[in-house]
Amino acid sequence: MSTENYVVPNLPSVRARSRRATSTSDVEEIELGSVAQAHSADSESVDASEADALIERDSVDKPQPTSFIHCVSAWKSRLFGKQPPRSRTIHLTPNSDERAFGKFPANRVRNQKYNPFTFLPVVLFEQFKYFFNLYFLIVALSQFVPALQIGFFFTYMAPLAFVVMVSVSKEAWDDFKRYRRDKEANQERYDVLTTHGVVCKPSSDICVGDLVFVRSNQRVPADMVLLRTTEKSGASFIRTDQMDGETDWKLRHAVGSCQKFGSDQELVQIDAMLYAEAPRKEIYEFIGTFTRNDVAGHEVEALTLENTLWSSTVIASGTIVGLVVYTGSETRSVMNASAPATKFGKIDLEINRLSKVLVVMTLGLALLLVGLKGFHGSWFVTLFRFMLLLSSIIPISLRVNLDMGKTVESVFVMRDQSIPGTVVRTSTIPEELGRIEYLFTDKTGTLTRNEMEFMKLHVGAVLFTSSQLTELRTAVHGAALCRLGDSGGSVSVIAEENALVYDAVKAIALCHNVTPALEDGVHIYQAASPDEVALVKFAESVGMTLIARDLHTITLKAPGGASDDFVIFDVLNIFPFTSASKRMGIVVRDRFTQEITFYMKGADAVMSDMVQYNEWLEEECGNMAREGLRTLVFAKRRLSEDEYVSFAGRYAAARASIAHRDVNVAAVVASLERDLILIGVTGVEDRLQQDVKESLEILRSAGIKTWMLTGDKVETATCIAVSARLVGKDQQIFHFAASSRAEAVHQLNVFGTKRNTCLVIDGHSLQICLDHMAKDFAQTACRAPTVVCCRCSPTQKADIVRLIHHHTQKETCGVGDGGNDVGMILAANVGIGLVGKEGKQAALAADFSIEQFSYLTRLLCTIGESHSIVWHGRNSYKRSARLSQFVIHRGMIISVIQAVFSALFYFSTTAIYTGWLMVGYTTVYTMAPVFSLILDEDVNENLVFRYPELYRELQLGRALSMKTFCFWMFKSVYQGGTIMLLAMVMFEDAFINIVSITFTALILAELFNVGFEVHKWHWVIVVSELTALLLYVSSLFVLRSYFDITFVLTWTFVWKVLVITAVSCLPIYLAELLQRRLAPPSYTKVMEE
């Protein structure tokens, strides 16, 4: 398969065009061990068999139609313009006027879900796929059938239209906001370099092959390769927080041969080509090459991630020129953009179950009325008419009321000044905060601050602590003077201890990815990891300061020297840290001594196999870990000139390879990672966040089991668990370690006999349990008060959360602050992300975003006089449950009145309330009072703080259960039946006014019901109650066709209606008071105390 060739345009508006490959291969191959020559498009050809092999391996050509299905797929791709992603070779060739249209996606940002043609059809489909809406649509459409007509069509269509209109309007507004953001991004203008100068283009017109200028603080419009930068170092910083959520700046390097040019215009005058792999989702990997055809030997440079600028990142320093390689849907940001799965709360599932019960009740009641009337004639028509009359049992407004209530509660959370910076990103599940039973939390940056401070340095047989900085500074200063020959003696007389300390501090000062910078005149350090900054600051504190750093040099201030006495090292190679390798290395040359040294640092588990035999490494790492310190092992290896030249050749060839580049590079680097000389071990402390201890104790008292899932070693994690009081003072610790399935079974059985014991398990043992005995592990581990899982991978974190939720069917919550916690956050019922040192990736993916761990208890419980997640979760769950049941009751009571009316009047299928009465009942007269219940509080927040045990009541889900549902159904039947029957008895000579009598009693009863449910009166509740009453009284004078105002204004009407209302409400209220006296809720006991 041939890769497309593209040419940078010579005219301002001309785009690159693909050329048909004839005898010339468009694919480059660079074999490991020797750099192959790049092929010119008009001179050199490639052997056919070699090209075929490359074609098969890289899979960049169009699929050959070998079957009918393949033919259909090929034609579909051609018709709709959807082709599989392919690699490309972009030529920077002068004097070319080739054009390419439609070969690559347009660089247009489009996040809209709809267009003008699809909006209504799609939105309406989404609305009516839900049973409630579809049911009421059928009910409304049935009114077009004369035999089924009951009342006015408007009566049935208005509520449905209102509900659908609210949802459609919300979708339209959200999509319009997306359109405005897209338009703003697409119209952002960029300068593009051509042979005729610089032209200005909107972002949407940028295409593959364009040379684009991007200035500081400007968004990168497409995926590009950095060719040149105005920074003298040849590298620019970028901000990637919108790509990966990480707040630290990343350093990106310009292509070496292009950075050497005297001006940007030379870029369109060279004969070169850039190979880029097929687009893929991985944002931390890239394979490409840059080939100069106009120099002797066809110079080839390997391109890696460090040469790329992904779309949506922002240039933080300098102005760059980049070559566009991917656009539109092929950019990394778009390929990784996916809407998270919609989360539904447990209360939604419970309401769905109750809705099915309501449907059965409607059908059952209709069948009862038909049965009492008799199954004769067109009884099925009568059945359907009764179902229409009783359709209020199924409350169409329930979903709207519940969603509005959740939205208001989400606003309360975000406006709570006690938890500043809290963001609710999923407004559909705030009530789930009140039912959490398992909390899964990360350690670093979540329980701890991720602010590292140097604590210990172990060199040889000597251990230095942070309190011995003066001794360290003296040792480094003395060793430096001896090495420079200023002490009057030779190097051989240097104290061995000072020499070892000097080597250790120098290794710390050199082996890192820290870059010094000035911010508001202050010398700061910029790095991806706070560990590295802490260690570089330690080196500075003992006299070895990092002064400057660029692509090729590191400058240190000489210990003990003058202010302008610097030591310069040439950076020959850097091997960055990865989560897979758990180490980083650097090769430097000392300009003063010309010594070449390979320094490496990493986790003790990795480094122990690479260093020469020693007796203290494992013991000392264990000691530091038990103190809760994060350890790093430093080692080195000196290289001769010949050794390095040999390595550099093999390394360059491996980096230039196209196929299996990562494997090739790792194999070459591994040749250096042997027989390293152990230098020392550092220990840094990550301190606990504020109020973590108190927060975890409150969560334990609230009945929430906390699991800590961390990538740290067992000793460190155990120490943090103890110091954070995750492990209680009266609890034991059981260390679970197994290397086989049989051993894991034995360990599991042993732990099963323990009581009040916390479980600590490492990642390898955990994986054995997950693979072979997941159910048994979950069953046993759930008995533990606390579980600490160490050396966990991101996948294991997510798997554990899913396992526990599946096994227990309890609500889970995942809390983390880094990209490695996203899987856990998404897998949990409720995901909470912290905005921390590791960036915003977890916060952006979470349902709730907070700034520190203690805010979690403020969302779940209160601390001091402030609100909390427990507090907000309690209120949201209680309010949602009460609101749902009240809305169901509101529909049920009016249906009972209708059923009694029909039964009394010879099972007539005539509606008692029609037109505006039905519309006004669920909107004007009762909606505001009922909805105002979301402001009610059943318990004072200070009591929730003093008695976090109250949270356990919420976990049982008693606020919305079949028991409470049956109570509200009984209440509806009693009140509806009482209103109708008493009206018939007390107004037996005024049947003509039965509508005025029963409807007035119904409205008053509902307003009284709201008042009886209130625990703490809020001014909004009072206003909504009085406003609804005034609106109803006013409507008596306006709706003359429904009400006989002369009759309504009589004292007989007034006192008899009040009696009916009192009889329908007071017994229920007295029964509730009696029930609270005999079996008071737990919160009332607390209030009495």
# chains A, B, ... in the order shown; residues from 1 in each chain; ligands from 1
$ residues_around --residues "Val681 (chain A)" --least-positions-apart "4" --cutoff "6 Å" --atoms "only C-alpha atoms" --output "VMD selection string"
chain A and resid 457 to 458 632 to 633
$ write_last_selection --atoms "C-alpha atoms" --output "mmCIF file, in the first residue's frame"
data_model
loop_
_atom_site.group_PDB
_atom_site.id
_atom_site.type_symbol
_atom_site.label_atom_id
_atom_site.label_comp_id
_atom_site.auth_asym_id
_atom_site.auth_seq_id
_atom_site.Cartn_x
_atom_site.Cartn_y
_atom_site.Cartn_z
ATOM 1 C CA LEU A 457 19.689 10.842 51.736
ATOM 2 C CA HIS A 458 21.456 7.527 52.226
ATOM 3 C CA LEU A 632 14.362 6.918 44.473
ATOM 4 C CA VAL A 633 17.560 4.982 43.787
#
$ residues_around --residues "Asp771 (chain A)" --least-positions-apart "4" --cutoff "12 Å" --atoms "only C-alpha atoms" --output "PyMOL selection string"
chain A and resi 740-741+744+764-767+775-777+796+799-800+803
$ write_last_selection --atoms "C-alpha atoms" --output "JSON list (two decimals), in the first residue's frame"
[["chain", "number", "residue", "atom", "x", "y", "z"],
["A", 740, "SER", "CA", 0.50, -18.44, 43.08],
["A", 741, "ARG", "CA", -3.18, -19.31, 43.07],
["A", 744, "ALA", "CA", -3.60, -16.83, 47.39],
["A", 764, "HIS", "CA", 0.63, -8.94, 41.92],
["A", 765, "SER", "CA", -1.36, -10.77, 44.58],
["A", 766, "LEU", "CA", -4.39, -8.67, 43.73],
["A", 767, "GLN", "CA", -4.20, -9.65, 40.07],
["A", 775, "LYS", "CA", -15.98, -13.49, 43.96],
["A", 776, "ASP", "CA", -14.27, -15.05, 46.98],
["A", 777, "PHE", "CA", -11.88, -12.12, 47.25],
["A", 796, "GLN", "CA", -6.77, -2.71, 38.46],
["A", 799, "ASP", "CA", -11.61, -3.47, 38.03],
["A", 800, "ILE", "CA", -11.78, -3.38, 41.83],
["A", 803, "LEU", "CA", -16.05, -5.92, 41.26]]
$ residues_around --residues "region 130-145 of chain A" --least-positions-apart "6" --cutoff "8 Å" --atoms "only C-alpha atoms" --output "list in words"
Phe153, Tyr156, Met157, Leu160, Leu388, Ile394 and Ile396 of chain A
$ write_last_selection --atoms "N, CA and C atoms" --output "JSON list (two decimals), in the first residue's frame"
[["chain", "number", "residue", "atom", "x", "y", "z"],
["A", 153, "PHE", "N", -58.91, 18.13, 23.87],
["A", 153, "PHE", "CA", -57.61, 17.63, 23.41],
["A", 153, "PHE", "C", -56.47, 18.37, 24.11],
["A", 156, "TYR", "N", -54.94, 16.95, 27.41],
["A", 156, "TYR", "CA", -53.99, 15.85, 27.35],
["A", 156, "TYR", "C", -52.69, 16.24, 26.66],
["A", 157, "MET", "N", -52.79, 17.18, 25.72],
["A", 157, "MET", "CA", -51.60, 17.56, 24.97],
["A", 157, "MET", "C", -50.74, 18.58, 25.71],
["A", 160, "LEU", "N", -47.98, 17.16, 28.09],
["A", 160, "LEU", "CA", -46.95, 16.51, 27.28],
["A", 160, "LEU", "C", -46.13, 17.54, 26.52],
["A", 388, "LEU", "N", -57.76, 6.35, 30.03],
["A", 388, "LEU", "CA", -57.51, 7.76, 29.74],
["A", 388, "LEU", "C", -57.91, 8.63, 30.92],
["A", 394, "ILE", "N", -50.17, 8.02, 36.33],
["A", 394, "ILE", "CA", -48.79, 8.01, 35.81],
["A", 394, "ILE", "C", -48.38, 9.47, 35.61],
["A", 396, "ILE", "N", -46.73, 12.49, 34.33],
["A", 396, "ILE", "CA", -45.82, 12.86, 33.26],
["A", 396, "ILE", "C", -44.81, 13.91, 33.71]]
$ residues_around --residues "Val314 (chain A)" --least-positions-apart "5" --cutoff "12 Å" --atoms "only C-alpha atoms" --output "mmCIF file with all heavy atoms, in the first residue's frame"
data_model
loop_
_atom_site.group_PDB
_atom_site.id
_atom_site.type_symbol
_atom_site.label_atom_id
_atom_site.label_comp_id
_atom_site.auth_asym_id
_atom_site.auth_seq_id
_atom_site.Cartn_x
_atom_site.Cartn_y
_atom_site.Cartn_z
ATOM 1 N N VAL A 214 2.334 29.704 15.135
ATOM 2 C CA VAL A 214 1.522 29.741 16.353
ATOM 3 C C VAL A 214 2.305 30.519 17.397
ATOM 4 O O VAL A 214 3.453 30.184 17.693
ATOM 5 C CB VAL A 214 1.193 28.332 16.887
ATOM 6 C CG1 VAL A 214 0.217 28.425 18.054
ATOM 7 C CG2 VAL A 214 0.600 27.460 15.793
ATOM 8 N N ARG A 215 1.675 31.553 17.927
ATOM 9 C CA ARG A 215 2.361 32.432 18.866
ATOM 10 C C ARG A 215 2.075 32.044 20.310
ATOM 11 O O ARG A 215 1.195 31.233 20.588
ATOM 12 C CB ARG A 215 1.956 33.885 18.595
ATOM 13 C CG ARG A 215 2.498 34.384 17.263
ATOM 14 C CD ARG A 215 1.944 35.731 16.839
ATOM 15 N NE ARG A 215 2.618 36.193 15.621
ATOM 16 C CZ ARG A 215 2.328 35.751 14.402
ATOM 17 N NH1 ARG A 215 1.378 34.844 14.237
ATOM 18 N NH2 ARG A 215 2.992 36.206 13.354
ATOM 19 N N SER A 216 2.806 32.667 21.219
ATOM 20 C CA SER A 216 2.651 32.367 22.641
ATOM 21 C C SER A 216 1.220 32.629 23.091
ATOM 22 O O SER A 216 0.603 33.616 22.683
ATOM 23 C CB SER A 216 3.628 33.220 23.450
ATOM 24 O OG SER A 216 3.516 32.942 24.821
ATOM 25 N N ASN A 217 0.685 31.716 23.898
ATOM 26 C CA ASN A 217 -0.684 31.764 24.423
ATOM 27 C C ASN A 217 -1.737 31.565 23.350
ATOM 28 O O ASN A 217 -2.910 31.890 23.558
ATOM 29 C CB ASN A 217 -0.942 33.082 25.162
ATOM 30 C CG ASN A 217 -0.109 33.225 26.408
ATOM 31 O OD1 ASN A 217 0.082 32.260 27.147
ATOM 32 N ND2 ASN A 217 0.417 34.411 26.637
ATOM 33 N N GLN A 218 -1.349 31.026 22.215
ATOM 34 C CA GLN A 218 -2.305 30.738 21.142
ATOM 35 C C GLN A 218 -2.513 29.231 21.039
ATOM 36 O O GLN A 218 -1.586 28.443 21.226
ATOM 37 C CB GLN A 218 -1.789 31.296 19.806
ATOM 38 C CG GLN A 218 -2.849 31.337 18.712
ATOM 39 C CD GLN A 218 -2.354 32.043 17.459
ATOM 40 O OE1 GLN A 218 -1.141 32.184 17.232
ATOM 41 N NE2 GLN A 218 -3.286 32.501 16.633
ATOM 42 N N ARG A 219 -3.753 28.857 20.745
ATOM 43 C CA ARG A 219 -4.114 27.443 20.622
ATOM 44 C C ARG A 219 -3.518 26.847 19.359
ATOM 45 O O ARG A 219 -3.516 27.478 18.301
ATOM 46 C CB ARG A 219 -5.639 27.297 20.589
ATOM 47 C CG ARG A 219 -6.144 25.884 20.419
ATOM 48 C CD ARG A 219 -7.658 25.862 20.328
ATOM 49 N NE ARG A 219 -8.133 26.486 19.102
ATOM 50 C CZ ARG A 219 -8.356 25.814 17.966
ATOM 51 N NH1 ARG A 219 -8.133 24.516 17.909
ATOM 52 N NH2 ARG A 219 -8.788 26.456 16.903
ATOM 53 N N VAL A 220 -3.016 25.625 19.458
ATOM 54 C CA VAL A 220 -2.519 24.906 18.283
ATOM 55 C C VAL A 220 -3.725 24.405 17.501
ATOM 56 O O VAL A 220 -4.559 23.677 18.045
ATOM 57 C CB VAL A 220 -1.610 23.729 18.703
ATOM 58 C CG1 VAL A 220 -1.153 22.936 17.481
ATOM 59 C CG2 VAL A 220 -0.414 24.236 19.493
ATOM 60 N N PRO A 221 -3.870 24.769 16.222
ATOM 61 C CA PRO A 221 -5.117 24.483 15.491
ATOM 62 C C PRO A 221 -5.229 23.056 14.969
ATOM 63 O O PRO A 221 -6.324 22.593 14.657
ATOM 64 C CB PRO A 221 -5.072 25.480 14.332
ATOM 65 C CG PRO A 221 -3.611 25.671 14.074
ATOM 66 C CD PRO A 221 -2.933 25.578 15.419
ATOM 67 N N ALA A 222 -4.106 22.363 14.800
ATOM 68 C CA ALA A 222 -4.115 20.996 14.265
ATOM 69 C C ALA A 222 -2.882 20.279 14.788
ATOM 70 O O ALA A 222 -1.984 20.902 15.375
ATOM 71 C CB ALA A 222 -4.134 21.012 12.739
ATOM 72 N N ASP A 223 -2.823 18.973 14.594
ATOM 73 C CA ASP A 223 -1.630 18.226 15.012
ATOM 74 C C ASP A 223 -0.472 18.583 14.094
ATOM 75 O O ASP A 223 -0.577 18.448 12.865
ATOM 76 C CB ASP A 223 -1.900 16.722 14.955
ATOM 77 C CG ASP A 223 -2.825 16.267 16.067
ATOM 78 O OD1 ASP A 223 -3.182 17.111 16.913
ATOM 79 O OD2 ASP A 223 -3.196 15.081 16.092
ATOM 80 N N SER A 236 10.315 24.854 22.845
ATOM 81 C CA SER A 236 9.261 25.706 23.394
ATOM 82 C C SER A 236 8.430 24.910 24.384
ATOM 83 O O SER A 236 8.239 23.698 24.219
ATOM 84 C CB SER A 236 8.348 26.243 22.279
ATOM 85 O OG SER A 236 8.996 27.239 21.526
ATOM 86 N N PHE A 237 7.950 25.616 25.374
ATOM 87 C CA PHE A 237 7.035 25.002 26.326
ATOM 88 C C PHE A 237 5.607 25.061 25.777
ATOM 89 O O PHE A 237 5.219 26.021 25.104
ATOM 90 C CB PHE A 237 7.079 25.722 27.676
ATOM 91 C CG PHE A 237 8.259 25.358 28.519
ATOM 92 C CD1 PHE A 237 9.323 26.230 28.682
ATOM 93 C CD2 PHE A 237 8.307 24.128 29.167
ATOM 94 C CE1 PHE A 237 10.407 25.896 29.469
ATOM 95 C CE2 PHE A 237 9.391 23.778 29.953
ATOM 96 C CZ PHE A 237 10.443 24.666 30.110
ATOM 97 N N ILE A 238 4.826 24.035 26.109
ATOM 98 C CA ILE A 238 3.415 24.032 25.758
ATOM 99 C C ILE A 238 2.598 23.658 26.988
ATOM 100 O O ILE A 238 3.100 23.005 27.900
ATOM 101 C CB ILE A 238 3.092 23.058 24.599
ATOM 102 C CG1 ILE A 238 3.391 21.610 25.023
ATOM 103 C CG2 ILE A 238 3.830 23.433 23.347
ATOM 104 C CD1 ILE A 238 2.897 20.580 24.021
ATOM 105 N N ARG A 239 1.340 24.093 27.006
ATOM 106 C CA ARG A 239 0.410 23.713 28.060
ATOM 107 C C ARG A 239 -0.555 22.670 27.501
ATOM 108 O O ARG A 239 -1.163 22.889 26.454
ATOM 109 C CB ARG A 239 -0.357 24.927 28.581
ATOM 110 C CG ARG A 239 0.526 25.990 29.208
ATOM 111 C CD ARG A 239 -0.299 26.964 30.036
ATOM 112 N NE ARG A 239 -1.238 27.711 29.215
ATOM 113 C CZ ARG A 239 -0.966 28.873 28.647
ATOM 114 N NH1 ARG A 239 0.238 29.413 28.818
ATOM 115 N NH2 ARG A 239 -1.859 29.493 27.923
ATOM 116 N N THR A 240 -0.676 21.567 28.217
ATOM 117 C CA THR A 240 -1.469 20.443 27.703
ATOM 118 C C THR A 240 -2.671 20.127 28.579
ATOM 119 O O THR A 240 -3.247 19.048 28.478
ATOM 120 C CB THR A 240 -0.592 19.184 27.597
ATOM 121 O OG1 THR A 240 -0.142 18.810 28.916
ATOM 122 C CG2 THR A 240 0.613 19.413 26.722
ATOM 123 N N ASP A 241 -3.081 21.070 29.438
ATOM 124 C CA ASP A 241 -4.149 20.759 30.380
ATOM 125 C C ASP A 241 -5.472 20.442 29.682
ATOM 126 O O ASP A 241 -6.296 19.688 30.217
ATOM 127 C CB ASP A 241 -4.344 21.905 31.368
ATOM 128 C CG ASP A 241 -4.556 23.237 30.675
ATOM 129 O OD1 ASP A 241 -3.819 23.529 29.722
ATOM 130 O OD2 ASP A 241 -5.457 23.989 31.085
ATOM 131 N N GLN A 242 -5.696 20.989 28.479
ATOM 132 C CA GLN A 242 -6.925 20.670 27.757
ATOM 133 C C GLN A 242 -6.825 19.342 27.001
ATOM 134 O O GLN A 242 -7.826 18.862 26.475
ATOM 135 C CB GLN A 242 -7.243 21.794 26.753
ATOM 136 C CG GLN A 242 -7.541 23.129 27.399
ATOM 137 C CD GLN A 242 -8.702 23.062 28.365
ATOM 138 O OE1 GLN A 242 -9.745 22.484 28.079
ATOM 139 N NE2 GLN A 242 -8.523 23.647 29.547
ATOM 140 N N MET A 243 -5.637 18.774 26.959
ATOM 141 C CA MET A 243 -5.445 17.494 26.280
ATOM 142 C C MET A 243 -5.413 16.341 27.280
ATOM 143 O O MET A 243 -6.175 15.375 27.169
ATOM 144 C CB MET A 243 -4.144 17.523 25.469
ATOM 145 C CG MET A 243 -3.706 16.164 24.940
ATOM 146 S SD MET A 243 -4.804 15.452 23.715
ATOM 147 C CE MET A 243 -4.449 16.505 22.331
ATOM 148 N N THR A 247 -1.275 20.015 34.488
ATOM 149 C CA THR A 247 -1.055 21.456 34.535
ATOM 150 C C THR A 247 0.402 21.856 34.306
ATOM 151 O O THR A 247 0.676 23.032 34.065
ATOM 152 C CB THR A 247 -1.500 22.011 35.898
ATOM 153 O OG1 THR A 247 -0.814 21.304 36.938
ATOM 154 C CG2 THR A 247 -2.996 21.819 36.078
ATOM 155 N N TRP A 249 3.980 22.371 32.461
ATOM 156 C CA TRP A 249 4.352 22.678 31.079
ATOM 157 C C TRP A 249 5.213 21.548 30.516
ATOM 158 O O TRP A 249 6.031 20.959 31.219
ATOM 159 C CB TRP A 249 5.125 23.984 31.003
ATOM 160 C CG TRP A 249 4.287 25.192 31.319
ATOM 161 C CD1 TRP A 249 2.987 25.202 31.741
ATOM 162 C CD2 TRP A 249 4.701 26.556 31.262
ATOM 163 N NE1 TRP A 249 2.551 26.477 31.942
ATOM 164 C CE2 TRP A 249 3.585 27.338 31.649
ATOM 165 C CE3 TRP A 249 5.882 27.189 30.911
ATOM 166 C CZ2 TRP A 249 3.639 28.730 31.692
ATOM 167 C CZ3 TRP A 249 5.940 28.574 30.955
ATOM 168 C CH2 TRP A 249 4.827 29.330 31.336
ATOM 169 N N LYS A 250 5.019 21.256 29.249
ATOM 170 C CA LYS A 250 5.820 20.245 28.550
ATOM 171 C C LYS A 250 6.779 20.951 27.588
ATOM 172 O O LYS A 250 6.447 21.975 26.989
ATOM 173 C CB LYS A 250 4.921 19.287 27.762
ATOM 174 C CG LYS A 250 3.782 18.667 28.549
ATOM 175 C CD LYS A 250 4.275 17.731 29.606
ATOM 176 C CE LYS A 250 3.150 16.874 30.186
ATOM 177 N NZ LYS A 250 1.989 17.620 30.646
ATOM 178 N N LEU A 251 7.965 20.362 27.443
ATOM 179 C CA LEU A 251 8.972 20.916 26.547
ATOM 180 C C LEU A 251 8.922 20.180 25.216
ATOM 181 O O LEU A 251 8.937 18.946 25.183
ATOM 182 C CB LEU A 251 10.359 20.788 27.167
ATOM 183 C CG LEU A 251 11.471 21.655 26.571
ATOM 184 C CD1 LEU A 251 11.166 23.131 26.765
ATOM 185 C CD2 LEU A 251 12.822 21.303 27.189
ATOM 186 N N ARG A 252 8.844 20.918 24.117
ATOM 187 C CA ARG A 252 8.819 20.335 22.785
ATOM 188 C C ARG A 252 9.994 20.879 21.971
ATOM 189 O O ARG A 252 10.271 22.076 21.986
ATOM 190 C CB ARG A 252 7.495 20.656 22.073
ATOM 191 C CG ARG A 252 6.290 19.957 22.705
ATOM 192 C CD ARG A 252 6.398 18.453 22.517
ATOM 193 N NE ARG A 252 5.246 17.728 23.017
ATOM 194 C CZ ARG A 252 5.179 17.130 24.195
ATOM 195 N NH1 ARG A 252 6.232 17.210 25.025
ATOM 196 N NH2 ARG A 252 4.103 16.477 24.567
ATOM 197 N N LEU A 309 3.187 18.841 18.349
ATOM 198 C CA LEU A 309 2.289 19.793 18.981
ATOM 199 C C LEU A 309 0.874 19.333 18.663
ATOM 200 O O LEU A 309 0.409 19.473 17.526
ATOM 201 C CB LEU A 309 2.513 21.210 18.431
ATOM 202 C CG LEU A 309 3.924 21.788 18.565
ATOM 203 C CD1 LEU A 309 4.051 23.053 17.735
ATOM 204 C CD2 LEU A 309 4.244 22.077 20.023
ATOM 205 N N THR A 319 7.405 31.838 19.604
ATOM 206 C CA THR A 319 6.548 31.661 18.421
ATOM 207 C C THR A 319 7.121 30.519 17.605
ATOM 208 O O THR A 319 8.328 30.461 17.364
ATOM 209 C CB THR A 319 6.513 32.933 17.576
ATOM 210 O OG1 THR A 319 5.931 33.995 18.342
ATOM 211 C CG2 THR A 319 5.676 32.729 16.314
ATOM 212 N N ILE A 320 6.279 29.608 17.180
ATOM 213 C CA ILE A 320 6.768 28.411 16.497
ATOM 214 C C ILE A 320 6.232 28.355 15.068
ATOM 215 O O ILE A 320 5.235 28.999 14.729
ATOM 216 C CB ILE A 320 6.376 27.133 17.268
ATOM 217 C CG1 ILE A 320 4.839 26.921 17.292
ATOM 218 C CG2 ILE A 320 6.907 27.187 18.682
ATOM 219 C CD1 ILE A 320 4.282 26.076 16.204
#
$ select_by_dssp --residues "region 322-389 of chain A" --states "alpha helix (DSSP H)" --output "PyMOL selection string"
chain A and resi 332-335+346-373+379-389
$ closest_residue --among "A:Val924, A:Ser671, A:Ile658, A:Ser427" --to "Ser1034 (chain A)" --atoms "only C-alpha atoms"
A:Val924
$ residues_around --residues "Arg783 (chain A)" --least-positions-apart "5" --cutoff "10 Å" --atoms "only C-alpha atoms" --output "list of chain:residue names"
A:Lys705, A:Phe751, A:Gly752, A:Lys754, A:Arg755, A:Asn756, A:Thr757, A:Cys758, A:Leu759, A:Ala778
$ residues_around --residues "Gly322 (chain A)" --least-positions-apart "5" --cutoff "6 Å" --atoms "only C-alpha atoms" --output "list of chain:residue names"
A:Leu211, A:Val212, A:Met224, A:Val225, A:Leu226, A:Leu227
$ write_last_selection --atoms "all heavy atoms" --output "mmCIF file, in the first residue's frame"
data_model
loop_
_atom_site.group_PDB
_atom_site.id
_atom_site.type_symbol
_atom_site.label_atom_id
_atom_site.label_comp_id
_atom_site.auth_asym_id
_atom_site.auth_seq_id
_atom_site.Cartn_x
_atom_site.Cartn_y
_atom_site.Cartn_z
ATOM 1 N N LEU A 211 2.377 25.191 6.586
ATOM 2 C CA LEU A 211 3.366 25.647 7.564
ATOM 3 C C LEU A 211 2.732 26.782 8.349
ATOM 4 O O LEU A 211 2.538 27.884 7.829
ATOM 5 C CB LEU A 211 4.638 26.118 6.866
ATOM 6 C CG LEU A 211 5.450 25.023 6.145
ATOM 7 C CD1 LEU A 211 6.514 25.634 5.250
ATOM 8 C CD2 LEU A 211 6.081 24.086 7.158
ATOM 9 N N VAL A 212 2.411 26.523 9.599
ATOM 10 C CA VAL A 212 1.585 27.439 10.380
ATOM 11 C C VAL A 212 2.397 28.073 11.496
ATOM 12 O O VAL A 212 3.158 27.384 12.195
ATOM 13 C CB VAL A 212 0.371 26.686 10.984
ATOM 14 C CG1 VAL A 212 -0.516 27.643 11.769
ATOM 15 C CG2 VAL A 212 -0.433 26.015 9.878
ATOM 16 N N MET A 224 0.628 19.015 14.686
ATOM 17 C CA MET A 224 1.754 19.506 13.893
ATOM 18 C C MET A 224 3.068 18.941 14.416
ATOM 19 O O MET A 224 3.153 18.466 15.548
ATOM 20 C CB MET A 224 1.805 21.041 13.932
ATOM 21 C CG MET A 224 0.531 21.733 13.453
ATOM 22 S SD MET A 224 0.742 23.507 13.215
ATOM 23 C CE MET A 224 1.163 24.031 14.860
ATOM 24 N N VAL A 225 4.078 19.031 13.561
ATOM 25 C CA VAL A 225 5.458 18.755 13.952
ATOM 26 C C VAL A 225 6.173 20.092 14.054
ATOM 27 O O VAL A 225 6.091 20.929 13.141
ATOM 28 C CB VAL A 225 6.165 17.838 12.939
ATOM 29 C CG1 VAL A 225 7.663 17.773 13.222
ATOM 30 C CG2 VAL A 225 5.565 16.443 12.979
ATOM 31 N N LEU A 226 6.834 20.313 15.178
ATOM 32 C CA LEU A 226 7.532 21.574 15.433
ATOM 33 C C LEU A 226 8.809 21.638 14.600
ATOM 34 O O LEU A 226 9.740 20.863 14.821
ATOM 35 C CB LEU A 226 7.848 21.690 16.925
ATOM 36 C CG LEU A 226 8.677 22.893 17.377
ATOM 37 C CD1 LEU A 226 8.003 24.195 16.986
ATOM 38 C CD2 LEU A 226 8.895 22.840 18.890
ATOM 39 N N LEU A 227 8.840 22.575 13.647
ATOM 40 C CA LEU A 227 10.028 22.728 12.793
ATOM 41 C C LEU A 227 10.979 23.786 13.334
ATOM 42 O O LEU A 227 12.191 23.563 13.379
ATOM 43 C CB LEU A 227 9.600 23.093 11.372
ATOM 44 C CG LEU A 227 8.733 22.078 10.625
ATOM 45 C CD1 LEU A 227 8.473 22.549 9.200
ATOM 46 C CD2 LEU A 227 9.387 20.704 10.612
#
